[in-house]
>>> print(open('data-v6.cif').read())   # mmCIF, C-alpha atoms; chains and numbers go by the auth columns
data_protein
loop_
_atom_site.group_PDB
_atom_site.id
_atom_site.type_symbol
_atom_site.label_atom_id
_atom_site.label_comp_id
_atom_site.label_asym_id
_atom_site.label_seq_id
_atom_site.Cartn_x
_atom_site.Cartn_y
_atom_site.Cartn_z
_atom_site.B_iso_or_equiv
_atom_site.auth_seq_id
_atom_site.auth_asym_id
ATOM 1 C CA MET A 1 -44.577 -105.018 -21.163 0.00 1 A
ATOM 2 C CA ALA A 2 -44.525 -102.779 -18.089 0.00 2 A
ATOM 3 C CA LYS A 3 -41.746 -104.909 -16.556 0.00 3 A
ATOM 4 C CA ARG A 4 -39.581 -104.568 -19.675 0.00 4 A
ATOM 5 C CA ILE A 5 -40.055 -100.785 -19.598 0.00 5 A
ATOM 6 C CA VAL A 6 -38.995 -100.612 -15.957 0.00 6 A
ATOM 7 C CA ASP A 7 -36.009 -102.878 -16.639 0.00 7 A
ATOM 8 C CA HIS A 8 -34.608 -100.615 -19.353 0.00 8 A
ATOM 9 C CA GLN A 9 -35.476 -97.183 -17.977 0.00 9 A
ATOM 10 C CA THR A 10 -35.156 -95.519 -14.617 0.00 10 A
ATOM 11 C CA ARG A 11 -38.302 -94.699 -12.736 0.00 11 A
ATOM 12 C CA GLN A 12 -37.705 -90.977 -13.269 0.00 12 A
ATOM 13 C CA GLU A 13 -37.325 -91.454 -17.020 0.00 13 A
ATOM 14 C CA ILE A 14 -40.592 -93.359 -17.158 0.00 14 A
ATOM 15 C CA ALA A 15 -42.383 -90.695 -15.112 0.00 15 A
ATOM 16 C CA ILE A 16 -41.122 -87.997 -17.483 0.00 16 A
ATOM 17 C CA ARG A 17 -42.222 -89.991 -20.522 0.00 17 A
ATOM 18 C CA ILE A 18 -45.670 -90.466 -19.006 0.00 18 A
ATOM 19 C CA ALA A 19 -45.997 -86.733 -18.288 0.00 19 A
ATOM 20 C CA ASP A 20 -44.830 -85.789 -21.786 0.00 20 A
ATOM 21 C CA THR A 21 -47.321 -88.196 -23.337 0.00 21 A
ATOM 22 C CA ALA A 22 -50.077 -86.753 -21.148 0.00 22 A
ATOM 23 C CA ILE A 23 -49.175 -83.249 -22.353 0.00 23 A
ATOM 24 C CA GLU A 24 -49.435 -84.358 -25.984 0.00 24 A
ATOM 25 C CA MET A 25 -52.805 -86.004 -25.368 0.00 25 A
ATOM 26 C CA ALA A 26 -54.219 -83.050 -23.413 0.00 26 A
ATOM 27 C CA ASP A 27 -52.965 -80.509 -25.958 0.00 27 A
ATOM 28 C CA SER A 28 -54.810 -82.462 -28.622 0.00 28 A
ATOM 29 C CA ALA A 29 -58.036 -83.416 -26.832 0.00 29 A
ATOM 30 C CA GLY A 30 -58.171 -81.204 -23.731 0.00 30 A
ATOM 31 C CA SER A 31 -57.503 -82.177 -20.138 0.00 31 A
ATOM 32 C CA GLU A 32 -61.064 -83.469 -19.729 0.00 32 A
ATOM 33 C CA GLY A 33 -60.349 -86.043 -22.422 0.00 33 A
ATOM 34 C CA LEU A 34 -57.198 -87.184 -20.655 0.00 34 A
ATOM 35 C CA THR A 35 -57.977 -90.312 -18.643 0.00 35 A
ATOM 36 C CA MET A 36 -55.583 -92.508 -16.717 0.00 36 A
ATOM 37 C CA ARG A 37 -56.786 -95.566 -18.635 0.00 37 A
ATOM 38 C CA ALA A 38 -56.223 -93.940 -22.039 0.00 38 A
ATOM 39 C CA LEU A 39 -52.828 -92.634 -20.956 0.00 39 A
ATOM 40 C CA ALA A 40 -51.755 -96.051 -19.690 0.00 40 A
ATOM 41 C CA SER A 41 -52.687 -97.576 -23.022 0.00 41 A
ATOM 42 C CA LYS A 42 -50.805 -94.863 -24.901 0.00 42 A
ATOM 43 C CA VAL A 43 -47.554 -95.388 -22.993 0.00 43 A
ATOM 44 C CA GLY A 44 -47.901 -99.173 -23.053 0.00 44 A
ATOM 45 C CA MET A 45 -48.474 -100.110 -19.429 0.00 45 A
ATOM 46 C CA GLY A 46 -51.309 -101.271 -17.221 0.00 46 A
ATOM 47 C CA THR A 47 -53.523 -98.707 -15.530 0.00 47 A
ATOM 48 C CA MET A 48 -52.513 -99.895 -12.064 0.00 48 A
ATOM 49 C CA THR A 49 -48.850 -99.602 -13.049 0.00 49 A
ATOM 50 C CA LEU A 50 -49.517 -96.012 -14.100 0.00 50 A
ATOM 51 C CA TYR A 51 -51.043 -95.290 -10.689 0.00 51 A
ATOM 52 C CA GLY A 52 -47.737 -96.406 -9.232 0.00 52 A
ATOM 53 C CA PHE A 53 -46.171 -93.337 -10.855 0.00 53 A
ATOM 54 C CA TYR A 54 -49.028 -90.841 -10.418 0.00 54 A
ATOM 55 C CA SER A 55 -51.522 -91.545 -7.661 0.00 55 A
ATOM 56 C CA ASP A 56 -54.342 -89.622 -9.336 0.00 56 A
ATOM 57 C CA LYS A 57 -55.071 -87.184 -12.136 0.00 57 A
ATOM 58 C CA ASP A 58 -54.218 -84.160 -9.982 0.00 58 A
ATOM 59 C CA ALA A 59 -50.720 -85.541 -9.443 0.00 59 A
ATOM 60 C CA LEU A 60 -50.434 -86.062 -13.185 0.00 60 A
ATOM 61 C CA LEU A 61 -51.555 -82.490 -13.915 0.00 61 A
ATOM 62 C CA ASP A 62 -48.950 -81.226 -11.449 0.00 62 A
ATOM 63 C CA ALA A 63 -46.270 -83.179 -13.295 0.00 63 A
ATOM 64 C CA MET A 64 -47.440 -81.761 -16.612 0.00 64 A
ATOM 65 C CA MET A 65 -47.149 -78.216 -15.264 0.00 65 A
ATOM 66 C CA ASP A 66 -43.656 -78.951 -13.973 0.00 66 A
ATOM 67 C CA ARG A 67 -42.608 -80.342 -17.339 0.00 67 A
ATOM 68 C CA VAL A 68 -43.831 -77.308 -19.303 0.00 68 A
ATOM 69 C CA LEU A 69 -43.491 -74.339 -16.954 0.00 69 A
ATOM 70 C CA GLY A 70 -40.589 -75.814 -15.032 0.00 70 A
ATOM 71 C CA THR A 71 -38.419 -76.324 -18.118 0.00 71 A
ATOM 72 C CA ALA A 72 -39.461 -73.383 -20.323 0.00 72 A
ATOM 73 C CA THR A 73 -36.853 -70.758 -21.179 0.00 73 A
ATOM 74 C CA PHE A 74 -37.819 -67.372 -19.761 0.00 74 A
ATOM 75 C CA PRO A 75 -36.136 -64.045 -20.599 0.00 75 A
ATOM 76 C CA VAL A 76 -33.292 -62.742 -18.467 0.00 76 A
ATOM 77 C CA SER A 77 -33.565 -59.169 -17.237 0.00 77 A
ATOM 78 C CA LYS A 78 -29.841 -58.446 -17.262 0.00 78 A
ATOM 79 C CA GLY A 79 -28.875 -55.876 -19.879 0.00 79 A
ATOM 80 C CA ILE A 80 -32.375 -54.888 -21.029 0.00 80 A
ATOM 81 C CA GLU A 81 -34.731 -52.112 -20.001 0.00 81 A
ATOM 82 C CA LEU A 82 -37.671 -52.900 -17.742 0.00 82 A
ATOM 83 C CA GLU A 83 -40.239 -52.164 -20.467 0.00 83 A
ATOM 84 C CA ASP A 84 -38.500 -54.582 -22.834 0.00 84 A
ATOM 85 C CA TYR A 85 -38.329 -57.267 -20.149 0.00 85 A
ATOM 86 C CA VAL A 86 -42.085 -56.948 -19.556 0.00 86 A
ATOM 87 C CA VAL A 87 -42.779 -57.405 -23.270 0.00 87 A
ATOM 88 C CA GLU A 88 -40.416 -60.380 -23.572 0.00 88 A
ATOM 89 C CA LEU A 89 -41.900 -62.052 -20.504 0.00 89 A
ATOM 90 C CA GLY A 90 -45.414 -61.615 -21.874 0.00 90 A
ATOM 91 C CA ARG A 91 -44.381 -63.021 -25.245 0.00 91 A
ATOM 92 C CA THR A 92 -42.906 -66.055 -23.521 0.00 92 A
ATOM 93 C CA TYR A 93 -46.083 -66.813 -21.607 0.00 93 A
ATOM 94 C CA LEU A 94 -48.203 -66.367 -24.726 0.00 94 A
ATOM 95 C CA ARG A 95 -45.964 -68.726 -26.695 0.00 95 A
ATOM 96 C CA ILE A 96 -46.226 -71.362 -23.956 0.00 96 A
ATOM 97 C CA PHE A 97 -50.011 -71.092 -23.808 0.00 97 A
ATOM 98 C CA ARG A 98 -50.284 -71.332 -27.593 0.00 98 A
ATOM 99 C CA GLU A 99 -47.984 -74.332 -27.848 0.00 99 A
ATOM 100 C CA HIS A 100 -49.632 -76.073 -24.913 0.00 100 A
ATOM 101 C CA PRO A 101 -53.373 -75.320 -24.694 0.00 101 A
ATOM 102 C CA SER A 102 -53.564 -77.876 -21.891 0.00 102 A
ATOM 103 C CA VAL A 103 -51.373 -75.661 -19.703 0.00 103 A
ATOM 104 C CA LEU A 104 -53.652 -72.700 -20.367 0.00 104 A
ATOM 105 C CA GLU A 105 -56.627 -74.877 -19.428 0.00 105 A
ATOM 106 C CA VAL A 106 -55.013 -76.144 -16.236 0.00 106 A
ATOM 107 C CA ILE A 107 -53.640 -72.785 -15.105 0.00 107 A
ATOM 108 C CA THR A 108 -57.096 -71.201 -15.354 0.00 108 A
ATOM 109 C CA SER A 109 -58.793 -74.000 -13.428 0.00 109 A
ATOM 110 C CA ARG A 110 -56.398 -74.693 -10.542 0.00 110 A
ATOM 111 C CA SER A 111 -53.601 -72.900 -8.704 0.00 111 A
ATOM 112 C CA THR A 112 -49.957 -73.700 -9.397 0.00 112 A
ATOM 113 C CA ARG A 113 -48.349 -75.355 -6.375 0.00 113 A
ATOM 114 C CA THR A 114 -45.628 -77.519 -7.881 0.00 114 A
ATOM 115 C CA LEU A 115 -42.164 -76.296 -6.986 0.00 115 A
ATOM 116 C CA ALA A 116 -40.414 -76.631 -10.350 0.00 116 A
ATOM 117 C CA ALA A 117 -43.161 -74.741 -12.183 0.00 117 A
ATOM 118 C CA MET A 118 -43.348 -72.100 -9.466 0.00 118 A
ATOM 119 C CA GLU A 119 -39.598 -71.522 -9.297 0.00 119 A
ATOM 120 C CA ASN A 120 -39.116 -71.114 -13.036 0.00 120 A
ATOM 121 C CA SER A 121 -42.311 -69.332 -14.065 0.00 121 A
ATOM 122 C CA ILE A 122 -43.175 -67.304 -10.945 0.00 122 A
ATOM 123 C CA GLU A 123 -40.248 -66.936 -8.539 0.00 123 A
ATOM 124 C CA LYS A 124 -37.568 -66.045 -11.091 0.00 124 A
ATOM 125 C CA PRO A 125 -39.649 -63.443 -12.978 0.00 125 A
ATOM 126 C CA LEU A 126 -40.731 -61.868 -9.676 0.00 126 A
ATOM 127 C CA ARG A 127 -37.131 -61.642 -8.495 0.00 127 A
ATOM 128 C CA GLN A 128 -36.047 -60.079 -11.762 0.00 128 A
ATOM 129 C CA LEU A 129 -38.849 -57.515 -11.596 0.00 129 A
ATOM 130 C CA ALA A 130 -37.747 -56.671 -8.056 0.00 130 A
ATOM 131 C CA ASP A 131 -34.176 -56.280 -9.319 0.00 131 A
ATOM 132 C CA TYR A 132 -35.387 -53.326 -11.382 0.00 132 A
ATOM 133 C CA GLY A 133 -36.172 -51.590 -8.108 0.00 133 A
ATOM 134 C CA LEU A 134 -39.883 -52.387 -7.923 0.00 134 A
ATOM 135 C CA ASP A 135 -41.264 -52.936 -4.442 0.00 135 A
ATOM 136 C CA GLY A 136 -43.025 -56.186 -3.616 0.00 136 A
ATOM 137 C CA ALA A 137 -46.573 -55.028 -4.246 0.00 137 A
ATOM 138 C CA THR A 138 -45.665 -53.401 -7.565 0.00 138 A
ATOM 139 C CA ALA A 139 -43.612 -56.387 -8.738 0.00 139 A
ATOM 140 C CA VAL A 140 -46.549 -58.703 -8.024 0.00 140 A
ATOM 141 C CA ASP A 141 -48.958 -56.317 -9.776 0.00 141 A
ATOM 142 C CA VAL A 142 -46.768 -56.167 -12.878 0.00 142 A
ATOM 143 C CA PHE A 143 -46.276 -59.938 -12.903 0.00 143 A
ATOM 144 C CA THR A 144 -50.011 -60.525 -12.509 0.00 144 A
ATOM 145 C CA TRP A 145 -50.875 -58.117 -15.319 0.00 145 A
ATOM 146 C CA ILE A 146 -48.339 -59.766 -17.624 0.00 146 A
ATOM 147 C CA MET A 147 -49.654 -63.235 -16.810 0.00 147 A
ATOM 148 C CA THR A 148 -53.347 -62.356 -17.121 0.00 148 A
ATOM 149 C CA THR A 149 -52.711 -60.413 -20.333 0.00 149 A
ATOM 150 C CA ALA A 150 -51.031 -63.477 -21.841 0.00 150 A
ATOM 151 C CA ILE A 151 -53.753 -65.814 -20.553 0.00 151 A
ATOM 152 C CA GLY A 152 -56.456 -63.541 -21.941 0.00 152 A
ATOM 153 C CA ALA A 153 -54.722 -63.134 -25.286 0.00 153 A
ATOM 154 C CA ALA A 154 -54.150 -66.875 -25.705 0.00 154 A
ATOM 155 C CA GLY A 155 -57.757 -67.671 -24.880 0.00 155 A
ATOM 156 C CA TYR A 156 -59.131 -64.824 -27.009 0.00 156 A
ATOM 157 C CA GLN A 157 -56.932 -65.565 -30.021 0.00 157 A
ATOM 158 C CA ARG A 158 -57.551 -69.292 -30.158 0.00 158 A
ATOM 159 C CA PRO A 159 -61.041 -69.164 -31.740 0.00 159 A
ATOM 160 C CA ARG A 160 -60.114 -66.043 -33.782 0.00 160 A
ATOM 161 C CA PRO A 161 -57.296 -67.185 -36.117 0.00 161 A
ATOM 162 C CA TRP A 162 -58.027 -64.370 -38.555 0.00 162 A
ATOM 163 C CA SER A 163 -56.372 -61.919 -36.161 0.00 163 A
ATOM 164 C CA LEU A 164 -52.957 -63.597 -36.215 0.00 164 A
ATOM 165 C CA GLY A 165 -52.023 -62.931 -39.834 0.00 165 A
ATOM 166 C CA ASP A 166 -50.524 -66.369 -40.399 0.00 166 A
ATOM 167 C CA PRO A 167 -49.136 -66.388 -43.981 0.00 167 A
ATOM 168 C CA ASN A 168 -49.543 -70.169 -44.095 0.00 168 A
ATOM 169 C CA SER A 169 -53.282 -70.002 -43.449 0.00 169 A
ATOM 170 C CA ASP A 170 -56.327 -68.328 -44.951 0.00 170 A
ATOM 171 C CA SER A 171 -56.292 -65.673 -42.211 0.00 171 A
ATOM 172 C CA ASP A 172 -56.657 -62.806 -44.708 0.00 172 A
ATOM 173 C CA GLU A 173 -59.884 -64.268 -46.056 0.00 173 A
ATOM 174 C CA LEU A 174 -61.163 -65.007 -42.553 0.00 174 A
ATOM 175 C CA LEU A 175 -60.318 -61.440 -41.521 0.00 175 A
ATOM 176 C CA ARG A 176 -62.221 -60.076 -44.514 0.00 176 A
ATOM 177 C CA ARG A 177 -65.286 -62.130 -43.614 0.00 177 A
ATOM 178 C CA GLN A 178 -65.137 -61.119 -39.959 0.00 178 A
ATOM 179 C CA THR A 179 -64.872 -57.448 -40.916 0.00 179 A
ATOM 180 C CA LEU A 180 -67.882 -57.832 -43.200 0.00 180 A
ATOM 181 C CA PHE A 181 -69.768 -59.555 -40.381 0.00 181 A
ATOM 182 C CA PHE A 182 -69.344 -56.520 -38.128 0.00 182 A
ATOM 183 C CA GLN A 183 -70.141 -54.127 -40.980 0.00 183 A
ATOM 184 C CA ALA A 184 -73.390 -55.988 -41.695 0.00 184 A
ATOM 185 C CA LEU A 185 -74.750 -55.666 -38.152 0.00 185 A
ATOM 186 C CA PRO A 186 -77.885 -53.506 -37.693 0.00 186 A
ATOM 187 C CA LEU A 187 -76.549 -49.956 -37.613 0.00 187 A
ATOM 188 C CA THR A 188 -79.190 -48.654 -35.219 0.00 188 A
ATOM 189 C CA THR A 189 -78.137 -51.141 -32.549 0.00 189 A
ATOM 190 C CA PHE A 190 -74.448 -51.684 -33.314 0.00 190 A
ATOM 191 C CA SER A 191 -73.277 -48.279 -34.507 0.00 191 A
ATOM 192 C CA ALA A 192 -69.896 -48.515 -32.745 0.00 192 A
ATOM 193 C CA SER A 193 -69.260 -52.077 -33.946 0.00 193 A
ATOM 194 C CA VAL A 194 -70.017 -51.077 -37.533 0.00 194 A
ATOM 195 C CA GLU A 195 -67.922 -47.916 -37.359 0.00 195 A
ATOM 196 C CA PHE A 196 -64.954 -49.679 -35.762 0.00 196 A
ATOM 197 C CA SER A 197 -65.372 -52.939 -37.706 0.00 197 A
ATOM 198 C CA ALA A 198 -61.845 -53.003 -39.145 0.00 198 A
ATOM 199 C CA HIS A 199 -60.307 -52.502 -35.705 0.00 199 A
ATOM 200 C CA LEU A 200 -62.745 -54.833 -33.963 0.00 200 A
ATOM 201 C CA ALA A 201 -61.936 -57.654 -36.366 0.00 201 A
ATOM 202 C CA ARG A 202 -58.280 -57.278 -35.366 0.00 202 A
ATOM 203 C CA SER A 203 -58.934 -57.028 -31.631 0.00 203 A
ATOM 204 C CA ALA A 204 -57.146 -60.323 -30.958 0.00 204 A
ATOM 205 C CA SER A 205 -54.108 -59.418 -33.046 0.00 205 A
ATOM 206 C CA GLU A 206 -50.491 -59.708 -32.015 0.00 206 A
ATOM 207 C CA GLU A 207 -50.193 -55.930 -32.283 0.00 207 A
ATOM 208 C CA SER A 208 -53.001 -55.446 -29.781 0.00 208 A
ATOM 209 C CA PHE A 209 -51.336 -57.846 -27.341 0.00 209 A
ATOM 210 C CA GLU A 210 -48.020 -56.014 -27.669 0.00 210 A
ATOM 211 C CA ARG A 211 -49.690 -52.660 -27.021 0.00 211 A
ATOM 212 C CA HIS A 212 -51.158 -54.019 -23.809 0.00 212 A
ATOM 213 C CA LEU A 213 -47.752 -55.257 -22.675 0.00 213 A
ATOM 214 C CA LYS A 214 -46.146 -51.909 -23.473 0.00 214 A
ATOM 215 C CA ILE A 215 -48.738 -50.131 -21.345 0.00 215 A
ATOM 216 C CA VAL A 216 -47.842 -52.416 -18.440 0.00 216 A
ATOM 217 C CA GLY A 217 -44.137 -51.896 -19.099 0.00 217 A
ATOM 218 C CA GLU A 218 -44.457 -48.120 -19.174 0.00 218 A
ATOM 219 C CA TRP A 219 -46.417 -48.116 -15.922 0.00 219 A
ATOM 220 C CA ALA A 220 -43.806 -50.379 -14.338 0.00 220 A
ATOM 221 C CA ARG A 221 -41.013 -48.035 -15.456 0.00 221 A
ATOM 222 C CA GLN A 222 -42.791 -45.112 -13.815 0.00 222 A
ATOM 223 C CA GLN A 223 -42.934 -47.028 -10.526 0.00 223 A
ATOM 224 C CA SER A 224 -39.266 -47.985 -10.606 0.00 224 A
ATOM 225 C CA PRO A 225 -36.714 -45.647 -8.971 0.00 225 A
ATOM 226 C CA ARG A 226 -34.610 -46.178 -12.085 0.00 226 A
ATOM 227 C CA GLY A 227 -37.372 -44.769 -14.246 0.00 227 A
ATOM 228 C CA LEU A 228 -37.585 -41.464 -12.429 0.00 228 A
#
>>> encode(input="data-v6.cif", output="C-alpha cells")
Amino acid sequence: MAKRIVDHQTRQEIAIRIADTAIEMADSAGSEGLTMRALASKVGMGTMTLYGFYSDKDALLDAMMDRVLGTATFPVSKGIELEDYVVELGRTYLRIFREHPSVLEVITSRSTRTLAAMENSIEKPLRQLADYGLDGATAVDVFTWIMTTAIGAAGYQRPRPWSLGDPNSDSDELLRRQTLFFQALPLTTFSASVEFSAHLARSASEESFERHLKIVGEWARQQSPRGL
C-alpha cells in the first residue's frame, strides 16, 4: 500500500497529508495520544515508512506547527489603526488556538523553531508592529502580550463553555448554573466571589478577551510616535 501511495503522489504531498492527519488526530485526542504507530495506520502506511518522512515525533510536531501557523491568514496592518491591528491579531491567534487545540498544547510545551511557522506567525506581525513606529523592545512586548493573552484566553475558555454565549449550545443554562455556584459559596469566606458572581461567571467571555486586547492596543498607541 505504501508503494502505491508513493507512486501516485509526490513525497511532499504525502508529507503534507501525514501532517494534516496528525493535526486532526491531535486536535481530537491531544498530542500525547498521537503515536507514530497510530498515525501510520491512519494514513495507510507502515510505521517504518512513516519514519522515512518524519524521523521522530518532534519532527512531526514541527511539521504540524508549520502547517497551521505557517499557512494561517493573519491581519494586514496597512490601512488600519494600531489599536485595531492589535485586536485583529489577537482574534486571529485565539481562533487558531480554538480550532486547533493541539497547536495550543504544543506552543505551551515547546518553543517554535520551524521557519514557516516563525515567518508567518512571528516575523510578519513583529514587522508590522514596527511599521507603526514602535521600537524593537516595545514591538516585542506588544506581540508577547497579544500572544499570551490569546493563549490564556483559549486555555481558560475551553473548560468554561458557558462564557462564550454560543446560541447553538446550552451556554445560557450553564452560565446560570455557574452564577448560582458562585452565589452559593460561603459568604464569610467568599464575599467578593458572591458579590461579583455575575461578572465572575463571565470572566472567560469574548468581551473580557476583547477588553484585554484593547488595553494592550491603547498602550501600544501611546508608545508609538504616531499616537502622540
>>> resolve_selection(input="data-v6.cif", expression="the PyMOL selection byres ((chain A and resi 32) around 12)", output="list in words")
Ala22, Met25, Ala26, Asp27, Ser28, Ala29, Gly30, Ser31, Gly33, Leu34, Thr35, Met36, Ala38, Lys57, Asp58, Leu61, Ser102, Glu105, Val106 and Ser109 of chain A
>>> resolve_selection(input="data-v6.cif", expression="the PyMOL selection byres ((chain A and resi 60) around 10)", output="list in words")
Ala15, Ile18, Ala19, Ala22, Ile23, Met36, Tyr51, Phe53, Tyr54, Ser55, Asp56, Lys57, Asp58, Ala59, Leu61, Asp62, Ala63, Met64, Met65 and Asp66 of chain A
>>> residues_around(input="data-v6.cif", residues="Gln157 (chain A)", least_positions_apart="2", cutoff="12 Å", atoms="all atoms listed in the file", output="list in words")
Leu94, Arg95, Phe97, Arg98, Pro101, Thr149, Ala150, Ile151, Gly152, Ala153, Ala154, Gly155, Pro159, Arg160, Pro161, Trp162, Ser163, Leu164, Gly165, Ala201, Arg202, Ser203, Ala204, Ser205, Glu206, Glu207, Ser208 and Phe209 of chain A
>>> atom_distance(input="data-v6.cif", atom1="CA of Thr108 (chain A)", atom2="CA of Glu218 (chain A)")
26.6 Å
>>> closest_residue(input="data-v6.cif", among="A:Leu129, A:Leu69, A:Ile16, A:Leu115", to="His100 (chain A)", atoms="all atoms listed in the file")
A:Leu69
>>> atom_distance(input="data-v6.cif", atom1="CA of Met118 (chain A)", atom2="CA of Phe74 (chain A)")
12.6 Å
>>> atom_distance(input="data-v6.cif", atom1="CA of Pro75 (chain A)", atom2="CA of Thr21 (chain A)")
26.8 Å
>>> closest_residue(input="data-v6.cif", among="A:Phe143, A:Phe181, A:Tyr156, A:Phe190", to="Ala220 (chain A)", atoms="only C-alpha atoms")
A:Phe143
>>> residues_around(input="data-v6.cif", residues="Asp141 (chain A)", least_positions_apart="6", cutoff="12 Å", atoms="only C-alpha atoms", output="count of residues only")
14
>>> residues_near_point(input="data-v6.cif", point="(-38.7, -70.2, -16.8)", cutoff="8 Å", atoms="all atoms listed in the file", output="list in words")
Leu69, Gly70, Thr71, Ala72, Thr73, Phe74, Pro75, Ala117, Glu119, Asn120, Ser121, Ile122, Lys124 and Pro125 of chain A
>>> build_atoms(input="data-v6.cif", residues="region 85-96 of chain A", atoms="N, CA and C atoms", output="PDB file, in the frame of the given file")
ATOM      1  N   TYR A  85     -38.212 -56.008 -20.889  1.00  0.00           N
ATOM      2  CA  TYR A  85     -38.329 -57.267 -20.149  1.00  0.00           C
ATOM      3  C   TYR A  85     -39.797 -57.659 -19.998  1.00  0.00           C
ATOM      4  N   VAL A  86     -40.650 -56.681 -19.694  1.00  0.00           N
ATOM      5  CA  VAL A  86     -42.085 -56.948 -19.556  1.00  0.00           C
ATOM      6  C   VAL A  86     -42.644 -57.530 -20.853  1.00  0.00           C
ATOM      7  N   VAL A  87     -42.288 -56.924 -21.979  1.00  0.00           N
ATOM      8  CA  VAL A  87     -42.779 -57.405 -23.270  1.00  0.00           C
ATOM      9  C   VAL A  87     -42.269 -58.818 -23.554  1.00  0.00           C
ATOM     10  N   GLU A  88     -40.992 -59.060 -23.310  1.00  0.00           N
ATOM     11  CA  GLU A  88     -40.416 -60.380 -23.572  1.00  0.00           C
ATOM     12  C   GLU A  88     -41.033 -61.450 -22.676  1.00  0.00           C
ATOM     13  N   LEU A  89     -41.282 -61.097 -21.420  1.00  0.00           N
ATOM     14  CA  LEU A  89     -41.900 -62.052 -20.504  1.00  0.00           C
ATOM     15  C   LEU A  89     -43.312 -62.391 -20.962  1.00  0.00           C
ATOM     16  N   GLY A  90     -44.066 -61.374 -21.377  1.00  0.00           N
ATOM     17  CA  GLY A  90     -45.414 -61.615 -21.874  1.00  0.00           C
ATOM     18  C   GLY A  90     -45.424 -62.472 -23.124  1.00  0.00           C
ATOM     19  N   ARG A  91     -44.490 -62.206 -24.027  1.00  0.00           N
ATOM     20  CA  ARG A  91     -44.381 -63.021 -25.245  1.00  0.00           C
ATOM     21  C   ARG A  91     -44.096 -64.484 -24.908  1.00  0.00           C
ATOM     22  N   THR A  92     -43.260 -64.686 -23.906  1.00  0.00           N
ATOM     23  CA  THR A  92     -42.906 -66.055 -23.521  1.00  0.00           C
ATOM     24  C   THR A  92     -44.121 -66.807 -23.000  1.00  0.00           C
ATOM     25  N   TYR A  93     -44.877 -66.163 -22.121  1.00  0.00           N
ATOM     26  CA  TYR A  93     -46.083 -66.813 -21.607  1.00  0.00           C
ATOM     27  C   TYR A  93     -47.069 -67.113 -22.732  1.00  0.00           C
ATOM     28  N   LEU A  94     -47.258 -66.157 -23.634  1.00  0.00           N
ATOM     29  CA  LEU A  94     -48.203 -66.367 -24.726  1.00  0.00           C
ATOM     30  C   LEU A  94     -47.763 -67.537 -25.606  1.00  0.00           C
ATOM     31  N   ARG A  95     -46.471 -67.621 -25.890  1.00  0.00           N
ATOM     32  CA  ARG A  95     -45.964 -68.726 -26.695  1.00  0.00           C
ATOM     33  C   ARG A  95     -46.228 -70.068 -26.012  1.00  0.00           C
ATOM     34  N   ILE A  96     -45.987 -70.122 -24.700  1.00  0.00           N
ATOM     35  CA  ILE A  96     -46.226 -71.362 -23.956  1.00  0.00           C
ATOM     36  C   ILE A  96     -47.698 -71.759 -24.031  1.00  0.00           C
TER      37      ILE A  96
END
